[in-house]
>>> print(open('final.cif').read())   # mmCIF, C-alpha atoms
data_final
#
loop_
_atom_site.label_atom_id
_atom_site.label_comp_id
_atom_site.auth_asym_id
_atom_site.auth_seq_id
_atom_site.Cartn_x
_atom_site.Cartn_y
_atom_site.Cartn_z
CA MET A 171 -9.66 -25.18 4.27
CA LYS A 172 -6.72 -26.07 2.04
CA ARG A 173 -5.84 -22.38 1.66
CA PHE A 174 -5.84 -21.93 5.43
CA ALA A 175 -3.58 -24.99 5.89
CA ILE A 176 -1.11 -23.55 3.39
CA LEU A 177 -1.21 -20.19 5.20
CA ILE A 178 -0.45 -21.84 8.54
CA LEU A 179 2.46 -23.72 7.00
CA SER A 180 3.92 -20.53 5.62
CA PHE A 181 3.75 -18.96 9.08
CA MET A 182 5.46 -21.92 10.67
CA MET A 183 8.32 -21.68 8.19
CA MET A 184 8.60 -17.91 8.06
CA GLU A 185 11.27 -15.98 9.94
CA ALA A 186 9.78 -13.05 11.84
CA THR A 187 12.44 -10.79 10.32
CA ASN A 188 11.46 -11.50 6.73
CA LEU A 189 10.53 -8.01 5.54
CA ASN A 190 11.33 -7.24 1.92
CA ALA A 191 10.17 -3.64 1.55
CA GLN A 192 12.70 -0.85 1.08
CA GLY A 193 12.42 1.96 3.61
CA LYS A 194 11.88 5.58 2.58
CA TYR A 195 11.60 8.92 4.34
CA ALA A 196 9.16 11.81 4.01
CA ASP A 197 9.39 15.30 5.50
CA VAL A 198 6.26 15.31 7.64
CA ASN A 199 5.32 18.17 9.98
CA GLY A 200 8.93 18.91 10.87
CA ILE A 201 10.29 15.36 11.19
CA LYS A 202 11.65 12.80 8.78
CA MET A 203 9.12 9.99 8.94
CA TYR A 204 10.23 6.51 7.95
CA TYR A 205 7.88 4.23 6.07
CA GLU A 206 7.92 1.03 4.03
CA ILE A 207 5.57 0.07 1.21
CA ASP A 208 5.11 -3.56 0.25
CA GLY A 209 2.56 -5.52 -1.75
CA SER A 210 -0.27 -4.31 -3.94
CA GLY A 211 -4.00 -3.80 -3.71
CA SER A 212 -6.03 -1.52 -1.45
CA PRO A 213 -3.84 0.59 0.90
CA LEU A 214 -3.47 -0.64 4.49
CA VAL A 215 -1.54 1.55 6.97
CA LEU A 216 0.17 -0.21 9.89
CA LEU A 217 0.81 1.71 13.13
CA HIS A 218 3.13 0.03 15.65
CA GLY A 219 2.95 0.00 19.43
CA GLY A 220 4.83 2.13 21.96
CA GLY A 221 8.57 1.51 22.21
CA SER A 222 8.36 -0.53 19.04
CA THR A 223 9.21 -0.53 15.36
CA ILE A 224 7.59 -1.91 12.24
CA LYS A 225 9.53 -5.11 12.76
CA THR A 226 8.80 -5.69 16.44
CA THR A 227 5.06 -5.14 16.06
CA PHE A 228 4.30 -6.44 12.57
CA GLY A 229 7.29 -8.56 11.57
CA THR A 230 5.34 -11.80 11.70
CA ILE A 231 2.19 -10.82 9.80
CA LEU A 232 3.33 -8.04 7.47
CA PRO A 233 4.54 -10.38 4.69
CA GLU A 234 1.17 -12.13 4.69
CA LEU A 235 -0.83 -8.89 4.70
CA ALA A 236 1.26 -7.68 1.76
CA LYS A 237 -0.04 -10.59 -0.33
CA THR A 238 -3.48 -8.99 -0.42
CA HIS A 239 -2.89 -5.28 0.26
CA GLN A 240 -0.55 -2.40 -0.45
CA VAL A 241 0.89 -2.19 3.05
CA ILE A 242 2.21 1.20 4.20
CA ALA A 243 4.02 0.56 7.49
CA VAL A 244 5.22 3.68 9.31
CA GLU A 245 7.42 4.46 12.28
CA LEU A 246 6.03 7.27 14.37
CA GLN A 247 7.77 10.20 16.06
CA ALA A 248 10.98 9.22 17.93
CA HIS A 249 10.49 5.52 17.09
CA GLY A 250 12.74 3.35 14.99
CA HIS A 251 14.19 5.13 11.97
CA SER A 252 11.93 8.21 12.26
CA GLY A 253 13.09 11.55 13.55
CA ASP A 254 11.91 13.51 16.57
CA ARG A 255 10.68 17.03 17.20
CA ASP A 256 11.17 19.37 20.13
CA ALA A 257 7.73 18.55 21.49
CA PRO A 258 6.15 15.73 23.46
CA GLU A 259 4.67 12.72 21.72
CA THR A 260 0.89 12.91 21.43
CA PHE A 261 -1.64 10.68 19.72
CA ASP A 262 -3.09 13.76 18.02
CA GLN A 263 0.32 14.60 16.54
CA ASP A 264 0.91 11.02 15.42
CA ALA A 265 -2.46 11.02 13.64
CA ALA A 266 -1.65 14.36 12.00
CA ASP A 267 1.66 12.91 10.81
CA VAL A 268 -0.05 9.86 9.30
CA ALA A 269 -2.65 12.05 7.57
CA GLU A 270 0.11 14.21 6.10
CA LEU A 271 2.08 11.19 4.92
CA LEU A 272 -0.99 9.83 3.12
CA LYS A 273 -1.45 13.21 1.46
CA GLN A 274 2.16 13.21 0.24
CA LEU A 275 1.76 9.64 -1.06
CA ASN A 276 -1.38 10.68 -2.96
CA ILE A 277 -3.47 8.15 -1.05
CA PRO A 278 -6.83 9.84 -0.45
CA LYS A 279 -8.19 7.09 1.81
CA ALA A 280 -6.80 3.96 3.47
CA ASP A 281 -7.59 1.21 5.91
CA ILE A 282 -5.81 1.92 9.21
CA PHE A 283 -4.54 -0.88 11.47
CA GLY A 284 -3.06 0.21 14.79
CA PHE A 285 -1.73 -1.96 17.60
CA SER A 286 -1.54 -0.79 21.25
CA ASN A 287 -0.41 2.89 21.15
CA GLY A 288 -0.83 2.63 17.39
CA GLY A 289 -4.43 1.61 18.07
CA GLN A 290 -4.95 4.83 20.00
CA THR A 291 -3.56 6.75 17.03
CA ALA A 292 -5.93 4.80 14.78
CA MET A 293 -8.85 5.92 16.96
CA VAL A 294 -7.76 9.55 16.57
CA MET A 295 -7.65 9.01 12.81
CA GLY A 296 -11.28 7.85 12.99
CA ILE A 297 -12.30 10.80 15.16
CA LYS A 298 -10.36 13.66 13.52
CA TYR A 299 -9.58 12.46 9.99
CA PRO A 300 -12.63 10.46 8.93
CA ASP A 301 -12.12 11.50 5.31
CA LYS A 302 -8.77 9.66 5.32
CA VAL A 303 -10.15 6.41 6.78
CA ASN A 304 -11.86 3.57 4.97
CA LYS A 305 -11.90 0.95 7.77
CA LEU A 306 -10.22 0.76 11.18
CA ILE A 307 -8.57 -2.14 12.98
CA ILE A 308 -8.08 -1.19 16.64
CA ALA A 309 -5.92 -3.85 18.29
CA SER A 310 -5.11 -4.04 22.03
CA ALA A 311 -5.93 -0.36 22.52
CA PHE A 312 -8.14 1.51 25.00
CA TYR A 313 -9.69 4.94 25.26
CA SER A 314 -9.97 5.61 29.01
CA ARG A 315 -7.85 5.09 32.10
CA ASP A 316 -10.33 2.71 33.71
CA ALA A 317 -9.68 0.18 30.93
CA VAL A 318 -6.61 -1.22 32.69
CA PRO A 319 -5.58 -2.09 36.26
CA ALA A 320 -4.66 0.87 38.48
CA GLY A 321 -1.16 -0.55 38.92
CA PHE A 322 -0.50 0.09 35.25
CA TRP A 323 -0.69 3.85 35.79
CA GLU A 324 1.31 3.72 39.02
CA GLY A 325 4.19 2.24 37.03
CA PHE A 326 4.49 5.39 34.94
CA LYS A 327 4.97 7.71 37.91
CA ASN A 328 8.56 6.51 38.25
CA ALA A 329 9.08 4.63 35.01
CA LYS A 330 12.30 2.61 35.00
CA PHE A 331 14.29 1.96 31.86
CA SER A 332 15.12 -1.48 33.26
CA ASP A 333 11.43 -2.40 32.95
CA MET A 334 11.44 -1.87 29.19
CA PRO A 335 11.44 -5.27 27.41
CA GLN A 336 14.96 -6.16 26.31
CA ILE A 337 13.85 -7.18 22.83
CA TYR A 338 12.59 -3.63 22.18
CA LYS A 339 15.91 -2.20 23.33
CA ASP A 340 17.89 -4.61 21.18
CA GLU A 341 15.85 -3.96 18.05
CA TYR A 342 16.01 -0.17 18.49
CA LEU A 343 19.78 -0.27 18.97
CA LYS A 344 20.13 -2.02 15.61
CA ILE A 345 18.76 1.22 14.13
CA LYS A 346 19.97 4.08 16.37
CA ASP A 347 22.06 4.78 19.45
CA GLN A 348 21.49 4.63 23.20
CA ALA A 349 20.66 8.35 23.42
CA GLY A 350 17.83 7.90 20.92
CA LEU A 351 16.55 4.88 22.82
CA MET A 352 16.49 6.79 26.12
CA ASN A 353 14.72 9.71 24.44
CA MET A 354 12.01 7.42 23.06
CA PHE A 355 11.59 5.72 26.45
CA ARG A 356 11.17 9.07 28.24
CA LYS A 357 8.67 10.40 25.72
CA ASP A 358 6.65 7.19 25.65
CA SER A 359 6.55 7.12 29.45
CA GLN A 360 5.50 10.77 29.70
CA ARG A 361 2.72 10.31 27.15
CA MET A 362 1.22 7.35 28.98
CA GLY A 363 1.74 8.90 32.40
CA ASN A 364 -0.28 11.93 31.23
CA PHE A 365 -2.89 9.88 29.36
CA LYS A 366 -6.36 11.42 29.56
CA GLY A 367 -8.09 9.43 26.85
CA TRP A 368 -11.25 10.36 24.98
CA THR A 369 -14.87 10.78 25.94
CA ASP A 370 -17.62 8.31 25.09
CA GLU A 371 -18.98 10.93 22.70
CA GLU A 372 -15.66 11.22 20.86
CA VAL A 373 -15.29 7.46 20.50
CA GLY A 374 -18.93 7.20 19.47
CA SER A 375 -18.29 9.73 16.69
CA ILE A 376 -16.18 7.17 14.79
CA LYS A 377 -18.17 6.25 11.70
CA ALA A 378 -15.65 4.04 9.91
CA PRO A 379 -16.39 0.31 10.02
CA SER A 380 -14.11 -0.92 12.80
CA LEU A 381 -12.70 -4.24 13.96
CA ILE A 382 -11.83 -4.11 17.67
CA VAL A 383 -9.47 -6.88 18.82
CA ILE A 384 -7.80 -7.93 22.07
CA GLY A 385 -6.33 -11.07 23.56
CA ASP A 386 -8.21 -12.75 26.40
CA ARG A 387 -5.19 -12.05 28.65
CA ASP A 388 -4.53 -8.58 27.28
CA LEU A 389 -4.02 -5.22 29.00
CA PRO A 390 -7.47 -3.74 28.19
CA THR A 391 -10.29 -5.65 29.83
CA PRO A 392 -12.98 -7.44 27.81
CA GLU A 393 -15.55 -5.21 29.52
CA HIS A 394 -13.80 -2.09 28.20
CA VAL A 395 -13.60 -3.26 24.60
CA ALA A 396 -17.21 -4.43 24.76
CA LYS A 397 -18.10 -0.85 25.69
CA MET A 398 -16.02 0.45 22.76
CA HIS A 399 -17.88 -1.95 20.52
CA ARG A 400 -21.22 -0.57 21.69
CA LEU A 401 -20.06 3.04 21.26
CA ILE A 402 -18.70 2.57 17.72
CA GLN A 403 -21.92 1.66 15.99
CA ASN A 404 -20.42 0.12 12.87
CA SER A 405 -17.96 -2.17 14.64
CA ARG A 406 -17.10 -5.83 15.12
CA LEU A 407 -15.47 -7.30 18.23
CA ALA A 408 -13.01 -10.19 18.52
CA ILE A 409 -11.44 -11.54 21.71
CA LEU A 410 -8.76 -14.04 20.75
CA PRO A 411 -6.73 -16.46 22.87
CA GLY A 412 -3.50 -14.74 23.86
CA THR A 413 -1.70 -11.91 25.57
CA HIS A 414 -0.89 -8.35 24.46
CA GLY A 415 0.01 -8.82 20.79
CA SER A 416 0.61 -12.56 20.79
CA TYR A 417 -2.31 -13.00 18.40
CA ILE A 418 -0.40 -10.98 15.77
CA GLY A 419 2.98 -12.57 16.53
CA GLU A 420 4.36 -9.38 18.11
CA ALA A 421 8.03 -9.46 19.18
CA MET A 422 7.31 -10.54 22.76
CA SER A 423 5.91 -13.79 21.36
CA TRP A 424 8.59 -14.46 18.73
CA GLY A 425 9.48 -18.13 18.76
CA SER A 426 5.93 -19.21 19.51
CA ARG A 427 4.47 -21.90 17.29
CA SER A 428 0.96 -20.51 17.65
CA LYS A 429 -1.36 -20.64 14.63
CA ILE A 430 -3.41 -17.71 15.91
CA PRO A 431 -1.53 -15.06 13.83
CA ALA A 432 -2.45 -16.98 10.68
CA LEU A 433 -6.08 -17.00 11.79
CA PHE A 434 -5.85 -13.28 12.57
CA VAL A 435 -4.62 -12.46 9.04
CA GLU A 436 -7.60 -14.37 7.63
CA MET A 437 -9.92 -12.35 9.90
CA VAL A 438 -8.37 -9.08 8.74
CA ASN A 439 -8.64 -9.99 5.08
CA GLU A 440 -12.29 -11.01 5.48
CA PHE A 441 -13.14 -7.84 7.41
CA LEU A 442 -11.44 -5.53 4.91
CA ALA A 443 -12.96 -7.31 1.92
CA ASP A 444 -16.51 -7.28 3.31
#
>>> encode(input="final.cif", output="structure tokens")
Amino acid sequence: MKRFAILILSFMMMEATNLNAQGKYADVNGIKMYYEIDGSGSPLVLLHGGGSTIKTTFGTILPELAKTHQVIAVELQAHGHSGDRDAPETFDQDAADVAELLKQLNIPKADIFGFSNGGQTAMVMGIKYPDKVNKLIIASAFYSRDAVPAGFWEGFKNAKFSDMPQIYKDEYLKIKDQAGLMNMFRKDSQRMGNFKGWTDEEVGSIKAPSLIVIGDRDLPTPEHVAKMHRLIQNSRLAILPGTHGSYIGEAMSWGSRSKIPALFVEMVNEFLAD
């Protein structure tokens, strides 16, 4: 109990921008992929959400996770510091890029933690690269179109740049220029507009122990993640109070005094240590 109280205090005092790792680049499948390594222990790969960066998705909890793990946080194709290729974004390609990066880093197997679009990439890692995966954390992700309200898909038919959260725009522009931001927005929108998902059989083929997490006011419905939980036989399910990413202190909830991210880190550490 005392340890948890100290952890909460550290979160309350911590600036969300407090990342100490030095960024590096690797030549991965035709792009320069940016990554940061921080901490020590068993390797834990962090995969950010769409339109995001390491900082906007994991800025709040990364320093705490690095106290117990060797955290490898990456930025995927066209996002943040990473380069782009003359091809659409796909979750299959993102997973292939992560697998190649792990190979270059001489990490034979790692825990994979993906949030939102990063959670979809994490699922592909479990389906197509099971030899690279120790455990999976699939956060605020879904595998089929019926997981979310129909209006969500309608919004991608004529996606408007003005609808992109300003904090994502501001954080990206600290790294690259407006042209890069527009390119990322277009590719993210096209990927989600064309989203087909995966079959029950594909999701059910995931053998890695998995922690499936959403907020109770999240984009995927509780019914959908309960189905995922049943399909992935070796899985645990957590529905936490909060919206899309607020339970990890994602950028849209910066400034919140919630203690839920501290609780979430404790959950992750317990799951990965079990």
>>> resolve_selection(input="final.cif", expression="the PyMOL selection byres ((chain A and resi 205) around 6)", output="JSON list (two decimals) with C-alpha atoms, in the coordinates of the input")
[["chain", "number", "residue", "atom", "x", "y", "z"],
["A", 193, "GLY", "CA", 12.42, 1.96, 3.61],
["A", 194, "LYS", "CA", 11.88, 5.58, 2.58],
["A", 204, "TYR", "CA", 10.23, 6.51, 7.95],
["A", 206, "GLU", "CA", 7.92, 1.03, 4.03],
["A", 243, "ALA", "CA", 4.02, 0.56, 7.49],
["A", 244, "VAL", "CA", 5.22, 3.68, 9.31]]
>>> resolve_selection(input="final.cif", expression="the PyMOL selection byres ((chain A and resi 418-428) around 10)", output="ChimeraX atom specification")
/A:178,181-183,185-187,218-219,222-223,225-232,285,309,335-338,341,385,412-417,429-435
>>> closest_residue(input="final.cif", among="A:Lys357, A:Leu235, A:Pro258, A:Lys202", to="Met437 in chain A", atoms="all atoms listed in the file")
A:Leu235
>>> resolve_selection(input="final.cif", expression="the PyMOL selection byres ((chain A and resi 274) around 12)", output="list of chain:residue names")
A:Tyr195, A:Ala196, A:Asp197, A:Val198, A:Asn199, A:Met203, A:Asp267, A:Val268, A:Ala269, A:Glu270, A:Leu271, A:Leu272, A:Lys273, A:Leu275, A:Asn276, A:Ile277, A:Pro278
>>> residues_around(input="final.cif", residues="range 323-327 of chain A", least_positions_apart="5", cutoff="9 Å", atoms="all atoms listed in the file", output="list of chain:residue names")
A:Arg315, A:Val318, A:Ser359, A:Gln360, A:Met362, A:Gly363, A:Asn364
>>> atom_distance(input="final.cif", atom1="CA of Asn328 in chain A", atom2="CA of Phe312 in chain A")
21.9 Å
>>> atom_distance(input="final.cif", atom1="CA of Gly220 in chain A", atom2="CA of Phe355 in chain A")
8.9 Å
>>> atom_distance(input="final.cif", atom1="CA of Gly296 in chain A", atom2="CA of Ser380 in chain A")
9.2 Å
>>> residues_around(input="final.cif", residues="Ser314 in chain A", least_positions_apart="5", cutoff="7 Å", atoms="only C-alpha atoms", output="list of chain:residue names")
A:Lys366, A:Gly367, A:Trp368
>>> write_last_selection(input="final.cif", atoms="C-alpha atoms", output="short mmCIF file (atom, residue, chain, number, x, y, z; two decimals), in the coordinates of the input")
data_model
loop_
_atom_site.label_atom_id
_atom_site.label_comp_id
_atom_site.auth_asym_id
_atom_site.auth_seq_id
_atom_site.Cartn_x
_atom_site.Cartn_y
_atom_site.Cartn_z
CA LYS A 366 -6.36 11.42 29.56
CA GLY A 367 -8.09 9.43 26.85
CA TRP A 368 -11.25 10.36 24.98
#
>>> closest_residue(input="final.cif", among="A:Leu343, A:Ala317, A:Ala292, A:Ile308", to="Lys397 in chain A", atoms="only C-alpha atoms")
A:Ala317
>>> residues_near_point(input="final.cif", point="(3.2, -7.1, 0.1)", cutoff="9 Å", atoms="all atoms listed in the file", output="list of chain:residue names")
A:Asn190, A:Ala191, A:Ile207, A:Asp208, A:Gly209, A:Ser210, A:Gly211, A:Leu232, A:Pro233, A:Glu234, A:Leu235, A:Ala236, A:Lys237, A:Thr238, A:His239, A:Gln240, A:Val241
>>> closest_residue(input="final.cif", among="A:Ile282, A:Leu389, A:Leu217, A:Ile382", to="Asp316 in chain A", atoms="all atoms listed in the file")
A:Leu389
>>> closest_residue(input="final.cif", among="A:Tyr299, A:Phe441, A:Phe261, A:Tyr313", to="Glu371 in chain A", atoms="only C-alpha atoms")
A:Tyr313
>>> closest_residue(input="final.cif", among="A:Tyr342, A:Asp333, A:Val215, A:Ala349", to="Thr291 in chain A", atoms="only C-alpha atoms")
A:Val215
>>> closest_residue(input="final.cif", among="A:Val395, A:Ala280, A:Val373, A:Met354", to="Glu259 in chain A", atoms="all atoms listed in the file")
A:Met354
>>> residues_around(input="final.cif", residues="Arg406 in chain A", least_positions_apart="5", cutoff="10 Å", atoms="all atoms listed in the file", output="list in words")
Ile307, Pro379, Ser380, Leu381, Ile382, Val383, Ala396, Met398, His399, Arg400 and Phe441 of chain A
>>> axis_aligned_box(input="final.cif", around="range 283-295 of chain A", padding_each_side="3 Å", output="JSON")
{"center_x": -4.6, "center_y": 3.8, "center_z": 16.4, "size_x": 14.4, "size_y": 17.5, "size_z": 15.8}
>>> decode(input="final.cif", residues="range 278-304 of chain A", atoms="N, CA and C atoms", output="PDB file, in the first residue's frame")
ATOM      1  N   PRO A 278      15.348 -11.138 -29.259  1.00  0.00           N
ATOM      2  CA  PRO A 278      14.611 -12.243 -29.885  1.00  0.00           C
ATOM      3  C   PRO A 278      13.124 -12.246 -29.573  1.00  0.00           C
ATOM      4  N   LYS A 279      12.759 -11.738 -28.375  1.00  0.00           N
ATOM      5  CA  LYS A 279      11.361 -11.789 -27.953  1.00  0.00           C
ATOM      6  C   LYS A 279      11.097 -10.657 -26.982  1.00  0.00           C
ATOM      7  N   ALA A 280       9.912 -10.048 -27.059  1.00  0.00           N
ATOM      8  CA  ALA A 280       9.587  -8.908 -26.198  1.00  0.00           C
ATOM      9  C   ALA A 280       8.109  -8.918 -25.850  1.00  0.00           C
ATOM     10  N   ASP A 281       7.775  -8.228 -24.766  1.00  0.00           N
ATOM     11  CA  ASP A 281       6.382  -7.903 -24.492  1.00  0.00           C
ATOM     12  C   ASP A 281       6.002  -6.733 -25.391  1.00  0.00           C
ATOM     13  N   ILE A 282       4.798  -6.762 -25.938  1.00  0.00           N
ATOM     14  CA  ILE A 282       4.331  -5.730 -26.868  1.00  0.00           C
ATOM     15  C   ILE A 282       3.099  -5.052 -26.280  1.00  0.00           C
ATOM     16  N   PHE A 283       3.166  -3.733 -26.145  1.00  0.00           N
ATOM     17  CA  PHE A 283       2.065  -2.936 -25.599  1.00  0.00           C
ATOM     18  C   PHE A 283       1.667  -1.913 -26.657  1.00  0.00           C
ATOM     19  N   GLY A 284       0.468  -2.090 -27.221  1.00  0.00           N
ATOM     20  CA  GLY A 284      -0.018  -1.171 -28.235  1.00  0.00           C
ATOM     21  C   GLY A 284      -1.304  -0.497 -27.810  1.00  0.00           C
ATOM     22  N   PHE A 285      -1.385   0.806 -28.065  1.00  0.00           N
ATOM     23  CA  PHE A 285      -2.575   1.583 -27.756  1.00  0.00           C
ATOM     24  C   PHE A 285      -3.274   2.006 -29.034  1.00  0.00           C
ATOM     25  N   SER A 286      -4.603   1.819 -29.119  1.00  0.00           N
ATOM     26  CA  SER A 286      -5.418   2.263 -30.240  1.00  0.00           C
ATOM     27  C   SER A 286      -4.893   1.638 -31.537  1.00  0.00           C
ATOM     28  N   ASN A 287      -4.490   2.416 -32.548  1.00  0.00           N
ATOM     29  CA  ASN A 287      -3.918   1.827 -33.756  1.00  0.00           C
ATOM     30  C   ASN A 287      -2.701   0.967 -33.428  1.00  0.00           C
ATOM     31  N   GLY A 288      -1.945   1.380 -32.413  1.00  0.00           N
ATOM     32  CA  GLY A 288      -0.824   0.559 -31.972  1.00  0.00           C
ATOM     33  C   GLY A 288      -1.286  -0.775 -31.413  1.00  0.00           C
ATOM     34  N   GLY A 289      -2.494  -0.803 -30.839  1.00  0.00           N
ATOM     35  CA  GLY A 289      -3.066  -2.051 -30.359  1.00  0.00           C
ATOM     36  C   GLY A 289      -3.410  -2.985 -31.501  1.00  0.00           C
ATOM     37  N   GLN A 290      -3.856  -2.411 -32.621  1.00  0.00           N
ATOM     38  CA  GLN A 290      -4.107  -3.241 -33.799  1.00  0.00           C
ATOM     39  C   GLN A 290      -2.801  -3.833 -34.337  1.00  0.00           C
ATOM     40  N   THR A 291      -1.744  -3.021 -34.334  1.00  0.00           N
ATOM     41  CA  THR A 291      -0.442  -3.538 -34.739  1.00  0.00           C
ATOM     42  C   THR A 291       0.027  -4.631 -33.782  1.00  0.00           C
ATOM     43  N   ALA A 292      -0.229  -4.451 -32.494  1.00  0.00           N
ATOM     44  CA  ALA A 292       0.131  -5.476 -31.508  1.00  0.00           C
ATOM     45  C   ALA A 292      -0.597  -6.785 -31.805  1.00  0.00           C
ATOM     46  N   MET A 293      -1.879  -6.700 -32.196  1.00  0.00           N
ATOM     47  CA  MET A 293      -2.615  -7.908 -32.547  1.00  0.00           C
ATOM     48  C   MET A 293      -1.971  -8.618 -33.735  1.00  0.00           C
ATOM     49  N   VAL A 294      -1.550  -7.842 -34.746  1.00  0.00           N
ATOM     50  CA  VAL A 294      -0.879  -8.450 -35.901  1.00  0.00           C
ATOM     51  C   VAL A 294       0.416  -9.125 -35.468  1.00  0.00           C
ATOM     52  N   MET A 295       1.130  -8.505 -34.530  1.00  0.00           N
ATOM     53  CA  MET A 295       2.337  -9.141 -34.005  1.00  0.00           C
ATOM     54  C   MET A 295       1.993 -10.510 -33.415  1.00  0.00           C
ATOM     55  N   GLY A 296       0.904 -10.583 -32.665  1.00  0.00           N
ATOM     56  CA  GLY A 296       0.494 -11.851 -32.071  1.00  0.00           C
ATOM     57  C   GLY A 296       0.062 -12.878 -33.092  1.00  0.00           C
ATOM     58  N   ILE A 297      -0.548 -12.413 -34.198  1.00  0.00           N
ATOM     59  CA  ILE A 297      -1.032 -13.318 -35.240  1.00  0.00           C
ATOM     60  C   ILE A 297       0.096 -13.778 -36.150  1.00  0.00           C
ATOM     61  N   LYS A 298       0.946 -12.833 -36.610  1.00  0.00           N
ATOM     62  CA  LYS A 298       1.923 -13.135 -37.656  1.00  0.00           C
ATOM     63  C   LYS A 298       3.353 -13.328 -37.162  1.00  0.00           C
ATOM     64  N   TYR A 299       3.656 -12.814 -35.978  1.00  0.00           N
ATOM     65  CA  TYR A 299       5.023 -12.918 -35.462  1.00  0.00           C
ATOM     66  C   TYR A 299       5.021 -13.460 -34.033  1.00  0.00           C
ATOM     67  N   PRO A 300       4.366 -14.598 -33.832  1.00  0.00           N
ATOM     68  CA  PRO A 300       4.261 -15.129 -32.457  1.00  0.00           C
ATOM     69  C   PRO A 300       5.610 -15.438 -31.824  1.00  0.00           C
ATOM     70  N   ASP A 301       6.613 -15.737 -32.664  1.00  0.00           N
ATOM     71  CA  ASP A 301       7.945 -16.036 -32.132  1.00  0.00           C
ATOM     72  C   ASP A 301       8.630 -14.802 -31.559  1.00  0.00           C
ATOM     73  N   LYS A 302       8.135 -13.610 -31.902  1.00  0.00           N
ATOM     74  CA  LYS A 302       8.716 -12.354 -31.414  1.00  0.00           C
ATOM     75  C   LYS A 302       8.032 -11.857 -30.142  1.00  0.00           C
ATOM     76  N   VAL A 303       6.902 -12.488 -29.784  1.00  0.00           N
ATOM     77  CA  VAL A 303       6.037 -11.945 -28.731  1.00  0.00           C
ATOM     78  C   VAL A 303       6.090 -12.804 -27.477  1.00  0.00           C
ATOM     79  N   ASN A 304       6.340 -12.169 -26.356  1.00  0.00           N
ATOM     80  CA  ASN A 304       6.224 -12.835 -25.066  1.00  0.00           C
ATOM     81  C   ASN A 304       4.788 -12.677 -24.555  1.00  0.00           C
TER      82      ASN A 304
END
